[in-house]
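Engineer: My structure is in upload23.pdb, and what it holds is PDB, C-alpha atoms:
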MODEL        1
ATOM      1  CA  MET A   1       3.964  -6.810 -13.610
ATOM      2  CA  HIS A   2       0.499  -6.079 -14.912
ATOM      3  CA  ILE A   3      -0.581  -2.502 -15.482
ATOM      4  CA  ASP A   4      -4.157  -3.743 -15.185
ATOM      5  CA  SER A   5      -3.440  -4.297 -11.491
ATOM      6  CA  PHE A   6      -4.212  -0.606 -11.099
ATOM      7  CA  SER A   7      -7.661   0.854 -11.342
ATOM      8  CA  HIS A   8      -8.627   2.822 -14.400
ATOM      9  CA  LYS A   9     -11.674   4.825 -15.363
ATOM     10  CA  SER A  10     -14.929   2.965 -14.630
ATOM     11  CA  SER A  11     -13.135   0.150 -12.763
ATOM     12  CA  VAL A  12     -15.287   0.618  -9.652
ATOM     13  CA  PRO A  13     -18.588   0.305 -11.571
ATOM     14  CA  GLN A  14     -17.151  -2.738 -13.364
ATOM     15  CA  PHE A  15     -16.203  -4.307 -10.033
ATOM     16  CA  GLU A  16     -19.674  -3.666  -8.610
ATOM     17  CA  GLN A  17     -21.407  -5.025 -11.701
ATOM     18  CA  HIS A  18     -19.201  -8.112 -11.946
ATOM     19  CA  PHE A  19     -19.430  -9.147  -8.289
ATOM     20  CA  GLY A  20     -22.864  -7.729  -7.490
ATOM     21  CA  VAL A  21     -21.652  -5.827  -4.424
ATOM     22  CA  LYS A  22     -21.006  -2.165  -3.667
ATOM     23  CA  TYR A  23     -17.348  -1.127  -3.649
ATOM     24  CA  GLY A  24     -16.067  -0.349  -0.153
ATOM     25  CA  THR A  25     -18.472  -2.676   1.662
ATOM     26  CA  LYS A  26     -17.367  -5.587   3.830
ATOM     27  CA  GLU A  27     -18.357  -8.030   1.084
ATOM     28  CA  ALA A  28     -16.292  -6.147  -1.518
ATOM     29  CA  VAL A  29     -13.277  -6.102   0.790
ATOM     30  CA  SER A  30     -13.535  -9.870   1.303
ATOM     31  CA  ILE A  31     -13.697 -10.462  -2.457
ATOM     32  CA  SER A  32     -10.666  -8.234  -3.084
ATOM     33  CA  ARG A  33      -8.580  -9.983  -0.447
ATOM     34  CA  ASN A  34      -9.245 -13.469  -1.816
ATOM     35  CA  LYS A  35      -7.866 -13.079  -5.312
ATOM     36  CA  PRO A  36      -6.195 -16.252  -6.646
ATOM     37  CA  TRP A  37      -2.732 -14.688  -6.929
ATOM     38  CA  LEU A  38      -2.657 -14.038  -3.170
ATOM     39  CA  LYS A  39      -3.330 -17.655  -2.223
ATOM     40  CA  GLY A  40      -0.823 -20.419  -1.638
ATOM     41  CA  ARG A  41       2.120 -18.164  -0.794
ATOM     42  CA  SER A  42       4.289 -18.967   2.183
ATOM     43  CA  PRO A  43       4.443 -16.001   4.575
ATOM     44  CA  LYS A  44       7.927 -14.702   5.348
ATOM     45  CA  PRO A  45       7.842 -13.015   8.765
ATOM     46  CA  CYS A  46       9.875  -9.950   9.621
ATOM     47  CA  SER A  47       9.904  -8.181  12.973
ATOM     48  CA  LEU A  48       9.242  -4.446  12.850
ATOM     49  CA  LYS A  49       9.582  -2.318  15.970
ATOM     50  CA  LEU A  50       8.254   1.193  15.528
ATOM     51  CA  LYS A  51       9.365   4.390  17.270
ATOM     52  CA  SER A  52       6.531   4.078  19.772
ATOM     53  CA  GLY A  53       7.873   0.704  20.880
ATOM     54  CA  MET A  54       5.003  -1.211  19.281
ATOM     55  CA  GLU A  55       6.223  -4.250  17.405
ATOM     56  CA  PHE A  56       4.634  -5.669  14.278
ATOM     57  CA  LEU A  57       5.311  -8.813  12.305
ATOM     58  CA  THR A  58       5.100  -8.121   8.593
ATOM     59  CA  VAL A  59       4.511 -11.163   6.404
ATOM     60  CA  ASN A  60       5.022 -11.958   2.729
ATOM     61  CA  THR A  61       7.940  -9.540   2.655
ATOM     62  CA  SER A  62      10.364  -9.272  -0.241
ATOM     63  CA  HIS A  63      14.155  -9.511  -0.432
ATOM     64  CA  PRO A  64      15.778  -7.444   2.363
ATOM     65  CA  LEU A  65      17.182  -4.042   1.423
ATOM     66  CA  ASN A  66      20.677  -2.727   2.075
ATOM     67  CA  ASP A  67      21.979   0.844   2.115
ATOM     68  CA  GLU A  68      22.862   0.754  -1.578
ATOM     69  CA  ASP A  69      19.342  -0.367  -2.482
ATOM     70  CA  VAL A  70      17.880   2.556  -0.550
ATOM     71  CA  LYS A  71      20.277   5.074  -2.122
ATOM     72  CA  LYS A  72      19.420   3.784  -5.587
ATOM     73  CA  PHE A  73      15.715   4.049  -4.807
ATOM     74  CA  GLU A  74      16.076   7.590  -3.449
ATOM     75  CA  LYS A  75      17.856   8.627  -6.632
ATOM     76  CA  PHE A  76      15.070   7.081  -8.725
ATOM     77  CA  VAL A  77      12.242   8.942  -6.958
ATOM     78  CA  GLY A  78      14.256  12.114  -6.418
ATOM     79  CA  THR A  79      14.006  12.416  -2.654
ATOM     80  CA  VAL A  80      15.635  11.201   0.553
ATOM     81  CA  LEU A  81      13.483   8.932   2.694
ATOM     82  CA  SER A  82      12.762  10.000   6.248
ATOM     83  CA  SER A  83      14.306   7.940   9.041
ATOM     84  CA  GLY A  84      10.904   6.417   9.835
ATOM     85  CA  VAL A  85      10.161   5.303   6.280
ATOM     86  CA  ARG A  86      13.700   4.046   5.817
ATOM     87  CA  ALA A  87      13.494   1.996   9.035
ATOM     88  CA  PHE A  88      10.141   0.547   7.973
ATOM     89  CA  TYR A  89      11.524  -0.710   4.673
ATOM     90  CA  MET A  90      14.856  -1.866   6.068
ATOM     91  CA  LYS A  91      13.035  -4.023   8.628
ATOM     92  CA  GLY A  92      10.509  -5.473   6.208
ATOM     93  CA  ASN A  93      10.443  -4.818   2.474
ATOM     94  CA  GLY A  94       6.762  -4.613   1.619
ATOM     95  CA  GLY A  95       4.194  -7.271   2.441
ATOM     96  CA  LYS A  96       1.246  -7.333   4.798
ATOM     97  CA  LEU A  97       0.488  -6.652   8.438
ATOM     98  CA  PRO A  98      -0.216  -9.635  10.703
ATOM     99  CA  ASP A  99      -3.455 -10.888  12.214
ATOM    100  CA  GLU A 100      -5.459 -10.000   9.095
ATOM    101  CA  ARG A 101      -5.032  -6.280   9.742
ATOM    102  CA  CYS A 102      -6.271  -4.885   6.460
ATOM    103  CA  MET A 103      -8.663  -2.006   7.202
ATOM    104  CA  TYR A 104      -8.010   1.642   7.922
ATOM    105  CA  VAL A 105     -10.814   3.893   9.168
ATOM    106  CA  SER A 106     -10.109   7.621   8.896
ATOM    107  CA  SER A 107     -11.108  10.178  11.519
ATOM    108  CA  ASP A 108     -14.099  11.175   9.373
ATOM    109  CA  GLY A 109     -15.313   7.579   9.120
ATOM    110  CA  ARG A 110     -14.025   6.636   5.665
ATOM    111  CA  GLU A 111     -13.038   2.986   5.361
ATOM    112  CA  PHE A 112     -10.061   1.860   3.301
ATOM    113  CA  ASP A 113      -9.000  -1.666   2.387
ATOM    114  CA  ILE A 114      -5.246  -2.280   2.703
ATOM    115  CA  LYS A 115      -4.150  -4.954   0.228
ATOM    116  CA  ASN A 116      -0.381  -4.792   0.672
ATOM    117  CA  PHE A 117       2.659  -2.588   1.122
ATOM    118  CA  LEU A 118       4.641  -2.461  -2.110
ATOM    119  CA  PRO A 119       8.251  -3.678  -1.928
ATOM    120  CA  ILE A 120      11.186  -1.572  -3.061
ATOM    121  CA  SER A 121      13.291  -2.950  -5.955
ATOM    122  CA  TYR A 122      12.541  -6.656  -5.431
ATOM    123  CA  PRO A 123       9.163  -8.168  -6.441
ATOM    124  CA  ARG A 124       7.916 -10.780  -4.002
ATOM    125  CA  PHE A 125       6.748 -13.061  -6.804
ATOM    126  CA  ASP A 126       6.323 -13.087 -10.566
ATOM    127  CA  GLY A 127       3.959 -10.271 -11.528
ATOM    128  CA  ASP A 128       4.309  -8.424  -8.218
ATOM    129  CA  MET A 129       4.479  -4.620  -8.367
ATOM    130  CA  THR A 130       7.345  -2.691  -6.780
ATOM    131  CA  VAL A 131       7.265   0.913  -5.590
ATOM    132  CA  GLU A 132       9.459   1.897  -8.541
ATOM    133  CA  GLN A 133       7.089   0.307 -11.040
ATOM    134  CA  ALA A 134       4.058   1.908  -9.409
ATOM    135  CA  TYR A 135       5.811   5.288  -9.439
ATOM    136  CA  GLU A 136       6.761   4.918 -13.085
ATOM    137  CA  ILE A 137       3.239   3.941 -14.150
ATOM    138  CA  LEU A 138       1.099   6.189 -11.959
ATOM    139  CA  VAL A 139       3.358   9.240 -11.703
ATOM    140  CA  GLU A 140       5.632   9.363 -14.732
ATOM    141  CA  ASN A 141       3.604   7.638 -17.455
ATOM    142  CA  LYS A 142      -0.097   8.051 -16.707
ATOM    143  CA  TYR A 143       0.081  11.237 -14.594
ATOM    144  CA  LEU A 144      -2.545   9.831 -12.228
ATOM    145  CA  VAL A 145      -0.536  10.800  -9.136
ATOM    146  CA  PRO A 146       1.398  14.096  -8.752
ATOM    147  CA  ARG A 147       5.202  13.916  -8.883
ATOM    148  CA  ASP A 148       5.489  14.926  -5.225
ATOM    149  CA  TYR A 149       3.967  11.609  -4.124
ATOM    150  CA  ILE A 150       5.300   8.047  -3.943
ATOM    151  CA  PRO A 151       2.831   5.111  -4.066
ATOM    152  CA  ILE A 152       3.714   2.609  -1.324
ATOM    153  CA  VAL A 153       0.440   0.806  -0.528
ATOM    154  CA  ILE A 154      -2.291  -0.580  -2.776
ATOM    155  CA  ASP A 155      -5.895  -1.145  -1.741
ATOM    156  CA  GLY A 156      -8.125  -3.984  -2.929
ATOM    157  CA  GLY A 157      -9.317  -1.976  -5.927
ATOM    158  CA  GLY A 158      -5.842  -0.931  -7.055
ATOM    159  CA  PHE A 159      -5.906   2.596  -5.623
ATOM    160  CA  PRO A 160      -2.619   3.744  -4.040
ATOM    161  CA  PHE A 161      -1.743   5.211  -0.678
ATOM    162  CA  CYS A 162       1.174   7.580  -1.153
ATOM    163  CA  LEU A 163       3.889   9.290   0.830
ATOM    164  CA  ARG A 164       4.409  12.970   0.121
ATOM    165  CA  LYS A 165       8.048  13.639  -0.711
ATOM    166  CA  GLY A 166       9.993  15.502   1.942
ATOM    167  CA  SER A 167       7.660  14.318   4.695
ATOM    168  CA  GLU A 168       5.973  11.221   6.083
ATOM    169  CA  ASP A 169       2.466  12.473   5.272
ATOM    170  CA  VAL A 170       0.286   9.636   3.993
ATOM    171  CA  PHE A 171      -2.394  10.332   1.370
ATOM    172  CA  PHE A 172      -4.940   8.158  -0.404
ATOM    173  CA  ALA A 173      -5.035   8.829  -4.147
ATOM    174  CA  ASN A 174      -8.423   8.344  -5.770
ATOM    175  CA  ILE A 175      -7.129   7.963  -9.307
ATOM    176  CA  GLU A 176     -10.609   8.065 -10.796
ATOM    177  CA  SER A 177     -11.621  11.424  -9.322
ATOM    178  CA  GLY A 178      -8.098  12.829  -9.019
ATOM    179  CA  GLU A 179      -8.682  13.526  -5.321
ATOM    180  CA  LEU A 180      -5.821  13.265  -2.828
ATOM    181  CA  ILE A 181      -7.140  12.516   0.658
ATOM    182  CA  PHE A 182      -4.913  13.228   3.651
ATOM    183  CA  ILE A 183      -4.750  10.137   5.878
ATOM    184  CA  GLU A 184      -2.047  10.512   8.536
ATOM    185  CA  LYS A 185       0.896  12.722   9.467
ATOM    186  CA  ASP A 186       3.402   9.855   9.442
ATOM    187  CA  LEU A 187       3.817   6.235   8.418
ATOM    188  CA  GLU A 188       3.899   4.907  11.973
ATOM    189  CA  THR A 189       0.514   6.413  12.826
ATOM    190  CA  PHE A 190      -0.910   4.997   9.614
ATOM    191  CA  VAL A 191       0.489   1.498  10.248
ATOM    192  CA  THR A 192      -0.699   1.410  13.851
ATOM    193  CA  GLY A 193      -4.146   2.523  12.678
ATOM    194  CA  VAL A 194      -4.674  -0.481  10.409
ATOM    195  CA  ILE A 195      -7.165  -2.844  12.066
ATOM    196  CA  THR A 196      -8.994  -6.080  11.294
ATOM    197  CA  GLU A 197     -12.268  -6.283   9.378
ATOM    198  CA  ASP A 198     -14.083  -7.345  12.547
ATOM    199  CA  GLU A 199     -12.782  -4.283  14.387
ATOM    200  CA  ALA A 200     -13.702  -2.002  11.487
ATOM    201  CA  TRP A 201     -17.222  -3.368  11.220
ATOM    202  CA  ALA A 202     -17.896  -3.711  14.949
TER
ENDMDL
END
Re-express the file's structure as structure tokens.
Structural biologist:
Amino acid sequence: MHIDSFSHKSSVPQFEQHFGVKYGTKEAVSISRNKPWLKGRSPKPCSLKLKSGMEFLTVNTSHPLNDEDVKKFEKFVGTVLSSGVRAFYMKGNGGKLPDERCMYVSSDGREFDIKNFLPISYPRFDGDMTVEQAYEILVENKYLVPRDYIPIVIDGGGFPFCLRKGSEDVFFANIESGELIFIEKDLETFVTGVITEDEAWA
């Protein structure tokens, strides 16, 4: 685990200066998604059927969870997961969405790069970040995310998408400005709203 995986103050200007592109553009997204540590890994598929009946294939998932793993996690974060979130993680523990679906465009036109869903308890590879580790760093140690939120997704710049405890509300946490941006009312709507770069930039 590397704490530097998460953004810190001035990380966006540093990114823009280093790569010569503006953060949030198509070029910046492509750079973020082609980091060396993401290459050469064999995808592990896992079927995920959501409440709506839509079925996804998550790849690069971690070790499967059992009921005891979930109970231990719930005790750690101090809340009980909703049935939807629990089903999502029981079917596929972290990873990515298929078909290069990595962009989320909000109703007000904001574009977000989805790097990966964090796994619970079991890192996918050496140096991978779990939800527990992200929670400990961002919530308990650095106070960058309020205690009522659980980081479950990381974007290309290291910013987290979080679930609000006691609900399935999804928020984007801008840990530089301290702003929490409401994204979707539940995890399923968020997942089904993630599209490809070509679709986002069409």
Engineer: Box in all listed atoms of region 135-153 of chain A, axis-aligned, with 6 Å more on each side; write out centre and edge lengths in Å to one decimal as lines of an AutoDock Vina configuration file.
Structural biologist:
center_x = 2.1
center_y = 7.9
center_z = -9.0
size_x = 21.3
size_y = 26.1
size_z = 28.9
Engineer: So, counting only C-alpha atoms, which residue among A:Ile150, A:Ile181, A:Met129, A:Leu118 is closest to Leu81 (chain A)?
Structural biologist: A:Ile150
Engineer: When you draw a straight line from CA of Thr192 (chain A) to CA of Phe125 (chain A), how long is it in Å?
Structural biologist: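 So the answer is 26.3 Å.
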Engineer: Using the chain letters and numbers from the file, which residues does the PyMOL selection byres ((chain A and resi 167) around 10) grab, as a short mmCIF file (atom, residue, chain, number, x, y, z; two decimals) with C-alpha atoms, in the coordinates of the input?
Structural biologist:
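Done, and the output landed in out-v2.cif:
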data_model
loop_
_atom_site.label_atom_id
_atom_site.label_comp_id
_atom_site.auth_asym_id
_atom_site.auth_seq_id
_atom_site.Cartn_x
_atom_site.Cartn_y
_atom_site.Cartn_z
CA THR A 79 14.01 12.42 -2.65
CA VAL A 80 15.64 11.20 0.55
CA LEU A 81 13.48 8.93 2.69
CA SER A 82 12.76 10.00 6.25
CA GLY A 84 10.90 6.42 9.84
CA VAL A 85 10.16 5.30 6.28
CA TYR A 149 3.97 11.61 -4.12
CA LEU A 163 3.89 9.29 0.83
CA ARG A 164 4.41 12.97 0.12
CA LYS A 165 8.05 13.64 -0.71
CA GLY A 166 9.99 15.50 1.94
CA GLU A 168 5.97 11.22 6.08
CA ASP A 169 2.47 12.47 5.27
CA VAL A 170 0.29 9.64 3.99
CA LYS A 185 0.90 12.72 9.47
CA ASP A 186 3.40 9.86 9.44
CA LEU A 187 3.82 6.24 8.42
#
Engineer: Could you please determine the separation between CA of Ile175 (chain A) and CA of Leu138 (chain A) in Å, to one decimal place?
Structural biologist: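 If I compute the distance from CA of Ile175 (chain A) to CA of Leu138 (chain A), I get 8.8 Å.
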Engineer: Give me the result of the PyMOL selection byres ((chain A and resi 96-102) around 8) on this file, residue by residue, as a list in words.
Structural biologist: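 Selection result, ordered by chain and number: Phe56, Leu57, Thr58, Val59, Asn60, Thr61, Gly94, Gly95, Met103, Tyr104, Asp113, Ile114, Lys115, Asn116, Phe117, Val194, Ile195, Thr196 and Glu197 of chain A.
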